[in-house]
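Asks: Let me begin by handing over the structure; questions about it come next.
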There are 4 protein chains.
Amino acid sequence: MSTAQTAEPTIYERRESEARSYCRSFPVSFAKAEGATLTDSDGNSYIDFLAGCSSLNYGHNDPDMKAALVEHLTRDGIAHALDMHTEEKAAFLETMEHLILRPRGMDHKVMMTGPTGTNAVEAAIKLARKVTGRKNVISFTNGFHGMTLGALALTGNAGKRAGAGGVSLNDVTRLPYEGAMGDDMDTLAYIEAMLTNPSSGVEPAAAFVVELVQGEGGLNAASAEWVQGIARIAKEHGALLIIDDIQAGVGRTGSFFSFDHMGIQPDMVTLAKSLSGFGLPFACLLIKPEHDIWKPAEHNGTFRGNTHAFVTARVALEKFWSDDRLRNQIALKSQVLEERLHGVAARIDGARIKGRGMMRGVDVGNGELAAQICAECFRRGLIIETSGAHDEVVKVLAPLTIPMEQFKEGLDILEAAVDTLVPFPVAAE
Amino acid sequence: MSTAQTAEPTIYERRESEARSYCRSFPVSFAKAEGATLTDSDGNSYIDFLAGCSSLNYGHNDPDMKAALVEHLTRDGIAHALDMHTEEKAAFLETMEHLILRPRGMDHKVMMTGPTGTNAVEAAIKLARKVTGRKNVISFTNGFHGMTLGALALTGNAGKRAGAGGVSLNDVTRLPYEGAMGDDMDTLAYIEAMLTNPSSGVEPAAAFVVELVQGEGGLNAASAEWVQGIARIAKEHGALLIIDDIQAGVGRTGSFFSFDHMGIQPDMVTLAKSLSGFGLPFACLLIKPEHDIWKPAEHNGTFRGNTHAFVTARVALEKFWSDDRLRNQIALKSQVLEERLHGVAARIDGARIKGRGMMRGVDVGNGELAAQICAECFRRGLIIETSGAHDEVVKVLAPLTIPMEQFKEGLDILEAAVDTLVPFPVAAE
Amino acid sequence: MSTAQTAEPTIYERRESEARSYCRSFPVSFAKAEGATLTDSDGNSYIDFLAGCSSLNYGHNDPDMKAALVEHLTRDGIAHALDMHTEEKAAFLETMEHLILRPRGMDHKVMMTGPTGTNAVEAAIKLARKVTGRKNVISFTNGFHGMTLGALALTGNAGKRAGAGGVSLNDVTRLPYEGAMGDDMDTLAYIEAMLTNPSSGVEPAAAFVVELVQGEGGLNAASAEWVQGIARIAKEHGALLIIDDIQAGVGRTGSFFSFDHMGIQPDMVTLAKSLSGFGLPFACLLIKPEHDIWKPAEHNGTFRGNTHAFVTARVALEKFWSDDRLRNQIALKSQVLEERLHGVAARIDGARIKGRGMMRGVDVGNGELAAQICAECFRRGLIIETSGAHDEVVKVLAPLTIPMEQFKEGLDILEAAVDTLVPFPVAAE
Amino acid sequence: MSTAQTAEPTIYERRESEARSYCRSFPVSFAKAEGATLTDSDGNSYIDFLAGCSSLNYGHNDPDMKAALVEHLTRDGIAHALDMHTEEKAAFLETMEHLILRPRGMDHKVMMTGPTGTNAVEAAIKLARKVTGRKNVISFTNGFHGMTLGALALTGNAGKRAGAGGVSLNDVTRLPYEGAMGDDMDTLAYIEAMLTNPSSGVEPAAAFVVELVQGEGGLNAASAEWVQGIARIAKEHGALLIIDDIQAGVGRTGSFFSFDHMGIQPDMVTLAKSLSGFGLPFACLLIKPEHDIWKPAEHNGTFRGNTHAFVTARVALEKFWSDDRLRNQIALKSQVLEERLHGVAARIDGARIKGRGMMRGVDVGNGELAAQICAECFRRGLIIETSGAHDEVVKVLAPLTIPMEQFKEGLDILEAAVDTLVPFPVAAE
């Protein structure tokens, strides 16, 4: 099949909702994928610096996960079991316990929510409200947490909020993320003052929901000091700390969790996107056991626990998190990325690097230029997208497992695209 | 692995959230499944009258879908593509158009929402509010539509609503479902009066959201006359008609949609559960094209469009909806089911049959007896569950494709379980 | 001053908000008033069948209250004391206790809210929510309870609700008032079913707020049986019973409270309008002592307790409620009113009498005719207004103390106005 | 009558709600009042530095207003006329136009809301939402705007908000008042950033509601520069500017409006408290004519327009605002007040003066000391109260018309009380 433009409306024009979006930026039909390479129906291949918005941290179709899934299918392993016990769920939980939770001293329980990030966020805020008996949830400027009404109330983006059709997105207080007001403002002091002043009008908080790197919000990365400050304020004011690690987790910032080595203990952690390892729908909520006060089925969902994802997620944990090899790879590539992006930024007046680890990008100052850069990259065989309040950040979300050579090839394309569009670099390193 | 009770906590006790539920009723570990048969780790097999709460209408691991999925995996077909074009999505949409929509004269667009039912419901009410500029959504007593905050506001069940932790579930008006107040009350007249009286305090409605058979609410089935009445009232009052066909759709009531042959044209239809055919997470929202006013990405989600599900869903449509064979099978089994449930109901004082098609059960009068019956069935090798406001309905949700012999075997178990628990039948047919 | 229409804009056109309303129906300037007679600046006099919407149950400028107030002013009695103790407040409370509360066995506390009905209603629902820990308040079709956001959420009228400018009027469930759905529907059974069914989606109720005669809603009068039913349902479901007696109280329906002799014990009662006796702003909330859990100033207001109103209200209670004379007068006039309104209704096809006591009117079928009747009455020297969802009820709210002759004169005018507008009576008694 | 404590419960204990508050601080019964002097039933007199929380800016029982009101009563002037035209209303409006609005170039319309401040605030936010089609209203830390649900949502005080019994106080965004975060934070820059960033999560604002001196919030006074900044930001972002002048208006800060000479043009102004001049319940909302889009009766209220208050308010305007004498008096007393309060503050470690004009006080650092000072003042014959988030500010709200000698006498008492309680002054000027 080809999506070549003809007079006749395509199947997408005829039948797919106008809500579709990425296909507008990358108007080809993809046929297969492997590692960091996507191939379209005409045989053209593309380097993937989008990686399913960080859902494909291990690349496409990892051979070990694929083999395990094929084996599972072949032997009539369970595909769907609601939340009944299966060997695959037990194996996933045991691996999660053994490789991820226990080494970090985390005694968290794992809640299988509906298999999307927004479902995990909804479960988290419902539970935080139950635990504390409070309703108000603190979220941050430029935060993105999902599109269902509870999660959307936490999300800052005006365009996304407009989708609610005018209903109030309530019971949330918005406070400034680190650096959101420039370097001069002490956001922690402000947050603390608003929670401490009994006449501030800010209701006692059930929870703080925070991303350590704001993926959709423009790759704003919080410092350890700020995160510790938030953790301390939350604790002092009786609020739970919920880390939304849906985009920044599963290795993206250098370690499994984005909060590793930050010296904090979140009360809850949301995981989705790359958790299955294979791009399958899968999400979970980690909960400190003292907060796990759900009654059976008080929050449920038909697809909670996706058995195929249990299989691939277990393989992913075993393959990539049994030792330090992936972590070391990420560290190395993060360095390369940082260096190369400095080169890109230097070509654009006022541009600056943002983000952390393999979740980095360049704020090029405005959305038009960022969009032009991405379009030029695509013409040159690189899939890359923007983020930020004004879509002003060109965002690199390459698979963590991308071979170094291919990674550099992708970065070369990015640099060349910028050179094409910004012909007279203001400065060079 | 075995779930035998030992002194040591199991992995589930150690690490799975207390929200888990079905595994409490069926405390074994399942190892594989085929058709209507589940097998546990000890080699015991069970007839499946739960079918993933109607997510497995074609049974477990249908060989044709399985083969197609293995082939897709083997050739490195895309697993995750956000909402970019893939050959698999195009093929699914074309098959949906060809076999389902066009034959019914439905010009609906297909929106790939996050792959769970609640995400589809959230998308539907957001869009209805955008389209109409109104906020109030009408839902019905005993309705169930999901667990994220927007969908939960539509859901009637007090236990589920309690999960919200005290936030108001707003912008919804609850009206009586057909028969909810007994046979004497004309619920349509009531609904019309509440919408027509400008001093009723009921705000103009953006939409009616209705299930034609209330799966979780106790298998209450609406008549065509009532459904047409709702459609008429919605139209007259400028509200959109949203049919939630997540549990009742995809053949469960005898035809693909639960509203087929009802003489109505819904503005939107939510589909999930059995849509993938294989039990994979997958959901979509059908939208009349004039209402498809979404801006690109105004509602999105990482896993919108699950490529593996595109593959299996396409095979399912081709295999089961290209001709009348499945429909005829369902009709036949529905008759058998009705007859046998009459026999069950006759054994229990005051019991009565509920539901439609292959979505039927027996209201045994109270939740305790219903739970005992299900537990006894499980001891005898049948997996079956309850529904209803008091969990008072023993609900049969067998795969539509279950062989007749096995179907009768399951019904024999149900009958025997009832005989054990209700030894002196009040009456027999 | 005259309001004669000249080319120059009047002071009202120049400076009074468009929200003004009654002055549009009665476009003269009033200069003085006494008893049931209003006199305009040109010396024309009018019989007052509006009585400040039941704020002037004892007529205008009662000489005893006037004398007491002049005496109070002359001796520099307090005009404003916040909620400090004054001799006038003590005297009012003691008279209220002695003449109203104790004879009825009511141990209620008196809360001085801001001096308007809506403030009393707001205080009532805030307190009911505090007492019960629940948020949902039940109110009724065609109910009117005020215009501030909390009270407006209880108010049914669409035009009034539109004033909220689109914010959701939440945490209220609207249920049908007696007779709202015609005689066939058992509204009590419906209400009970909605509260009893745990999957109805109706949250547990903090309170029922109900008027025993709906003044703005069209003079719908509840029967004792229905009111007792509501009281019983509220009690059984842990909800407080709040009687809004702002318009129907203070003698309007024949006794001091509209619920006297109904066999119920409300948890709270709102009073305003005629409470001061003189038309002064004054309101209070009666609260069963076990519910009086306010902390000091937890609900307050600058004008809570209007000292001038304490003076006149005390005189009013002493003058009119120390013996049965007023009650007997009301009974007599109510009979006259009923008979004469039957005569009016008989002149209009399909018209019917509504209301109770001295709070009665004729539903003439549509708002246009009702408006024409009122306009014609005004031309003939009678001030009278409409109520109802469609303003279809011509409402008689004469002072309870109106001399019988003047009362009949007013009714003659009403009858003559109808005769003018509906020249060929369909039927006559 | 006396409130001497006896074994028998007083009428207040028996019958007045626990919500009563000021009477607990000043446990005597007041009998009469004149100017700045209150006299109790035992003949003791007190200097009034509370003045009905700024409701008695012209003192108690001004002889000219009293005479006019007695005359009005004596000639059977209207007491209650709903919102019909009366000579008294016309005269008030004309005087308001002539003496207040026209000299300031204000073309505002006057809306007679229910006669309490909170009703005026509710009307203002309803109208702002109607005008803009937006729901979000900006209010400020430590703001106080009333106790009905709409106004309470704007109010910051946690104790007051707790009165809502747990319902969400929605559709309000709380932003920092000038100086609320110390001198270092540029609150205007913060506010502008939150409104400008499309991903801040702050919805477009219908209005800013702001007090220029926060009466209940601790006498925080905004600078002209800040107020102009707020006006500019509101305008740039399409939000209306609503000045809540209920406590700070009617001369309290030196001129009729608190925003006089600030160089701004508010879209709406709320007035209440001292508007009647005599302490009678009275409130209005000033509205720029282009925003006066109310339909007739879309916001109403039984006591809108209190005719007695029209009489006294007109006299007050004529007597005090026809020339500069009162303004000059206020200026002089403000200077005296400032000087004397510096003396008080100097006696208390860390104390500081707050407020503006005749709305000034001393932040003594904590609520316990402030309460002790007020109690000691009362023992010495001075009525004075606290404000602030922690009730830490001793607040002087003397009548503007208080004779200088009596004013100094009151200040002497305050100073003596502080000397008694803080015997070793840390420093003296």
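Each chain of the structure tokens is named A, B, ... in the order shown, its residues numbered from 1; ligands are numbered from 1 in display order.
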May I have the residues of chain C within 8 Å of chain B, counting only C-alpha atoms, written as a VMD selection string?
Replies: chain C and resid 140 to 143 154 to 158 168 170 to 171 173 to 174 181 185 190 193 197 to 203 217 389 to 390
Asks: List the neighbours of Ala222 (chain D) out to 9 Å using only C-alpha atoms; skip same-chain residues closer than 3 positions along the sequence, and give me the result as a list of chain:residue names.
Replies: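 Counting only the stated atoms, we get D:Tyr177, D:Glu178, D:Gly179, D:Glu211, D:Leu212, D:Val213, D:Gln214, D:Glu225, D:Trp226, D:Val227, D:Gly355.
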Asks: So which residues of region 62-115 of chain A fall under strand (DSSP E) by DSSP, listed as a list of chain:residue names?
Replies: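 Taking region 62-115 of chain A and keeping strand (DSSP E) gives A:His85, A:Thr86, A:Lys109, A:Val110, A:Met111, A:Met112.
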Asks: Can I get the selected residues back with C-alpha atoms, as a CSV table (one decimal), in the first residue's frame?
Replies:
chain,number,residue,atom,x,y,z
A,85,HIS,CA,-2.7,-14.9,38.2
A,86,THR,CA,-0.6,-16.1,35.3
A,109,LYS,CA,3.6,-2.6,45.5
A,110,VAL,CA,2.9,-2.8,41.8
A,111,MET,CA,-0.6,-1.9,40.6
A,112,MET,CA,-1.5,-2.9,37.1
Asks: Give me, as number ranges by chain, all polymer residues having an atom no more than 10 Å from Gly146 (chain A), counting only C-alpha atoms and skipping those fewer than 4 positions away in the same chain.
Replies: A: 116-122, 150-155, 160; B: 299-302
Asks: List every residue of region 104-137 of chain A that DSSP, applied to the backbone of this structure, places in helix (DSSP H, G or I), and write the result as number ranges by chain.
Replies: A: 104, 117-132
Asks: In Å, with one decimal, what is the gap from CA of Val137 (chain C) to CA of Gly229 (chain C)?
Replies: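 Interatomic distance, CA of Val137 (chain C) to CA of Gly229 (chain C): 17.1 Å.
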